[in-house]
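Data first, discussion second: the structure below is written as structure tokens.
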Amino acid sequence: MNNFRTVSDTKRTFYSRHTRPINTIYRRVVEELMVEMHLLSVNVDFSYNSIYALGVVTTFDRFMQGYQPSEDLVSIFNAIICAVEQDPQVYRQDAAKLKAIAKSFPVKDLIAWCSQTTPLDQDANIQGELQAIAQNPNFKYSRLLAIGLFSLLELSDPEFVKDETQRNQAIAVIAQGLKLSEDKLNKDLDLYRSNLDKMEQALIVMADMLAADRKKRDQRQQKSSDTVLPPTNE
């Protein structure tokens, strides 16, 4: 990766690949994700792994829910990944592989696996990625990695992660096993969940505004059609 590549270079590449306008409410999501990935990609300590890929895919899919036209989503995602000089298909494939693993194991087994307590005989490459995180003192932690780890738990047992005590205990075990900062993980995941709630609320408000606008437009059209021209005097 060329460390002299700038954020402007990345944005320019993105907008050259996806040329259609992006809806205002989603533009910030796209640009913040792209900038975050850019800054990681030019960091000498950063290394790609499947959990990070799951974090990227989950972030994009969750925050871009409801985007219209929906057919633009593939183009936007591909443009983001290509803008940081990586392969969008690799991200999707690696994320899909992890999703399948998460859904096939009880959450307690998944916690043991992620924390390196009990290896799972599933995928040697992913097992190696987890070991690389734990064994690398210079490993570059990121918010997107935290989201990837959380997504594994959420996919395995959605109700489990809703329980704050259980969730925090799981994060503590995983942080210790992977030698990551528990404080950073919790702060990033709290912010992630908070931002998801805000996005959902914003979409509800936008939907209400659009519905009200349609109602007013329909009323105007109905009023116009009900208007009867006065009779002419012959």
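Chains: A, B, ... in order of the structure tokens. Residues: from 1 per chain. Ligands: from 1, in order shown.
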- Item | Surrounding residues of Phe77 in chain A excluding itself and chain neighbours under 3 positions, 12 Å, only C-alpha atoms, as a count of residues only | 33
- Shell of 9 Å around Leu155 in chain A, only C-alpha atoms, local chain residues under 6 positions omitted, as an NGL selection string: :A and (99-100 or 102-103 or 107)
Filtering to N, CA and C atoms, could you give me those residues as a PDB file, in the first residue's frame?
```
ATOM      1  N   LYS A  99     -19.987 -15.194   9.193  1.00  0.00           N
ATOM      2  CA  LYS A  99     -21.411 -15.209   9.557  1.00  0.00           C
ATOM      3  C   LYS A  99     -21.912 -16.639   9.685  1.00  0.00           C
ATOM      4  N   ALA A 100     -21.513 -17.487   8.733  1.00  0.00           N
ATOM      5  CA  ALA A 100     -21.946 -18.885   8.757  1.00  0.00           C
ATOM      6  C   ALA A 100     -21.420 -19.600  10.001  1.00  0.00           C
ATOM      7  N   ALA A 102     -20.585 -18.155  12.886  1.00  0.00           N
ATOM      8  CA  ALA A 102     -21.253 -17.591  14.066  1.00  0.00           C
ATOM      9  C   ALA A 102     -22.634 -18.188  14.280  1.00  0.00           C
ATOM     10  N   LYS A 103     -23.351 -18.406  13.186  1.00  0.00           N
ATOM     11  CA  LYS A 103     -24.713 -18.936  13.286  1.00  0.00           C
ATOM     12  C   LYS A 103     -24.755 -20.425  13.592  1.00  0.00           C
ATOM     13  N   VAL A 107     -23.271 -19.336  21.507  1.00  0.00           N
ATOM     14  CA  VAL A 107     -22.493 -18.125  21.754  1.00  0.00           C
ATOM     15  C   VAL A 107     -21.344 -18.381  22.735  1.00  0.00           C
TER      16      VAL A 107
END
```
- Point-to-point distance in Å for CA of Ala134 in chain A and CA of Leu180 in chain A: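 Taking CA of Leu180 in chain A and CA of Ala134 in chain A, their separation equals 7.8 Å.
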- Task: For Ile22 in chain A, work out the shell of residues within 10 Å, counting only C-alpha atoms and skipping chain neighbours fewer than 6 positions away, then give it as number ranges by chain.
- Result: A: 28, 30, 67-69, 72, 76
Write a file of the selected residues as a PDB file, in the first residue's frame, keeping all heavy atoms.
```
ATOM      1  N   ARG A  28     -22.792  11.045   4.832  1.00  0.00           N
ATOM      2  CA  ARG A  28     -21.844  11.092   5.952  1.00  0.00           C
ATOM      3  C   ARG A  28     -21.388   9.687   6.336  1.00  0.00           C
ATOM      4  O   ARG A  28     -20.222   9.465   6.649  1.00  0.00           O
ATOM      5  CB  ARG A  28     -22.495  11.790   7.148  1.00  0.00           C
ATOM      6  CG  ARG A  28     -21.567  11.933   8.338  1.00  0.00           C
ATOM      7  CD  ARG A  28     -22.220  12.717   9.466  1.00  0.00           C
ATOM      8  NE  ARG A  28     -21.354  12.782  10.622  1.00  0.00           N
ATOM      9  CZ  ARG A  28     -21.674  13.363  11.774  1.00  0.00           C
ATOM     10  NH1 ARG A  28     -22.853  13.965  11.893  1.00  0.00           N
ATOM     11  NH2 ARG A  28     -20.837  13.375  12.792  1.00  0.00           N
ATOM     12  N   VAL A  30     -21.142   7.051   4.385  1.00  0.00           N
ATOM     13  CA  VAL A  30     -20.224   6.575   3.351  1.00  0.00           C
ATOM     14  C   VAL A  30     -18.844   7.203   3.512  1.00  0.00           C
ATOM     15  O   VAL A  30     -17.811   6.515   3.503  1.00  0.00           O
ATOM     16  CB  VAL A  30     -20.794   6.868   1.951  1.00  0.00           C
ATOM     17  CG1 VAL A  30     -19.739   6.619   0.871  1.00  0.00           C
ATOM     18  CG2 VAL A  30     -22.033   6.025   1.687  1.00  0.00           C
ATOM     19  N   TYR A  67     -31.670   2.513   2.063  1.00  0.00           N
ATOM     20  CA  TYR A  67     -31.162   3.403   1.009  1.00  0.00           C
ATOM     21  C   TYR A  67     -31.929   3.194  -0.299  1.00  0.00           C
ATOM     22  O   TYR A  67     -32.208   2.071  -0.693  1.00  0.00           O
ATOM     23  CB  TYR A  67     -29.671   3.147   0.770  1.00  0.00           C
ATOM     24  CG  TYR A  67     -29.051   4.155  -0.173  1.00  0.00           C
ATOM     25  CD1 TYR A  67     -28.532   5.349   0.299  1.00  0.00           C
ATOM     26  CD2 TYR A  67     -29.012   3.922  -1.557  1.00  0.00           C
ATOM     27  CE1 TYR A  67     -27.987   6.277  -0.565  1.00  0.00           C
ATOM     28  CE2 TYR A  67     -28.474   4.852  -2.418  1.00  0.00           C
ATOM     29  CZ  TYR A  67     -27.962   6.028  -1.913  1.00  0.00           C
ATOM     30  OH  TYR A  67     -27.424   6.952  -2.779  1.00  0.00           O
ATOM     31  N   GLN A  68     -32.243   4.306  -0.937  1.00  0.00           N
ATOM     32  CA  GLN A  68     -32.908   4.274  -2.237  1.00  0.00           C
ATOM     33  C   GLN A  68     -32.151   5.145  -3.231  1.00  0.00           C
ATOM     34  O   GLN A  68     -31.710   6.233  -2.869  1.00  0.00           O
ATOM     35  CB  GLN A  68     -34.354   4.780  -2.113  1.00  0.00           C
ATOM     36  CG  GLN A  68     -35.258   3.898  -1.261  1.00  0.00           C
ATOM     37  CD  GLN A  68     -35.461   2.518  -1.862  1.00  0.00           C
ATOM     38  OE1 GLN A  68     -35.468   2.359  -3.091  1.00  0.00           O
ATOM     39  NE2 GLN A  68     -35.624   1.507  -1.011  1.00  0.00           N
ATOM     40  N   PRO A  69     -31.950   4.673  -4.445  1.00  0.00           N
ATOM     41  CA  PRO A  69     -32.386   3.374  -4.961  1.00  0.00           C
ATOM     42  C   PRO A  69     -31.498   2.240  -4.434  1.00  0.00           C
ATOM     43  O   PRO A  69     -30.275   2.367  -4.405  1.00  0.00           O
ATOM     44  CB  PRO A  69     -32.245   3.520  -6.480  1.00  0.00           C
ATOM     45  CG  PRO A  69     -31.176   4.554  -6.660  1.00  0.00           C
ATOM     46  CD  PRO A  69     -31.319   5.502  -5.500  1.00  0.00           C
ATOM     47  N   ASP A  72     -28.262   0.801  -6.012  1.00  0.00           N
ATOM     48  CA  ASP A  72     -26.985   1.516  -5.941  1.00  0.00           C
ATOM     49  C   ASP A  72     -26.076   0.992  -4.836  1.00  0.00           C
ATOM     50  O   ASP A  72     -24.885   1.322  -4.799  1.00  0.00           O
ATOM     51  CB  ASP A  72     -27.217   3.017  -5.700  1.00  0.00           C
ATOM     52  CG  ASP A  72     -27.586   3.753  -6.976  1.00  0.00           C
ATOM     53  OD1 ASP A  72     -27.739   3.094  -8.016  1.00  0.00           O
ATOM     54  OD2 ASP A  72     -27.718   4.995  -6.926  1.00  0.00           O
ATOM     55  N   ILE A  76     -21.979   1.379  -4.455  1.00  0.00           N
ATOM     56  CA  ILE A  76     -21.391   2.205  -3.393  1.00  0.00           C
ATOM     57  C   ILE A  76     -20.400   1.384  -2.575  1.00  0.00           C
ATOM     58  O   ILE A  76     -19.278   1.834  -2.302  1.00  0.00           O
ATOM     59  CB  ILE A  76     -22.491   2.794  -2.492  1.00  0.00           C
ATOM     60  CG1 ILE A  76     -23.369   3.771  -3.288  1.00  0.00           C
ATOM     61  CG2 ILE A  76     -21.878   3.510  -1.291  1.00  0.00           C
ATOM     62  CD1 ILE A  76     -24.608   4.230  -2.538  1.00  0.00           C
TER      63      ILE A  76
END
```
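Using only C-alpha atoms for every distance, the candidate list A:Met37, A:Leu149, A:Ile25, A:Ala202 yields A:Leu149 as the residue closest to Cys114 in chain A.
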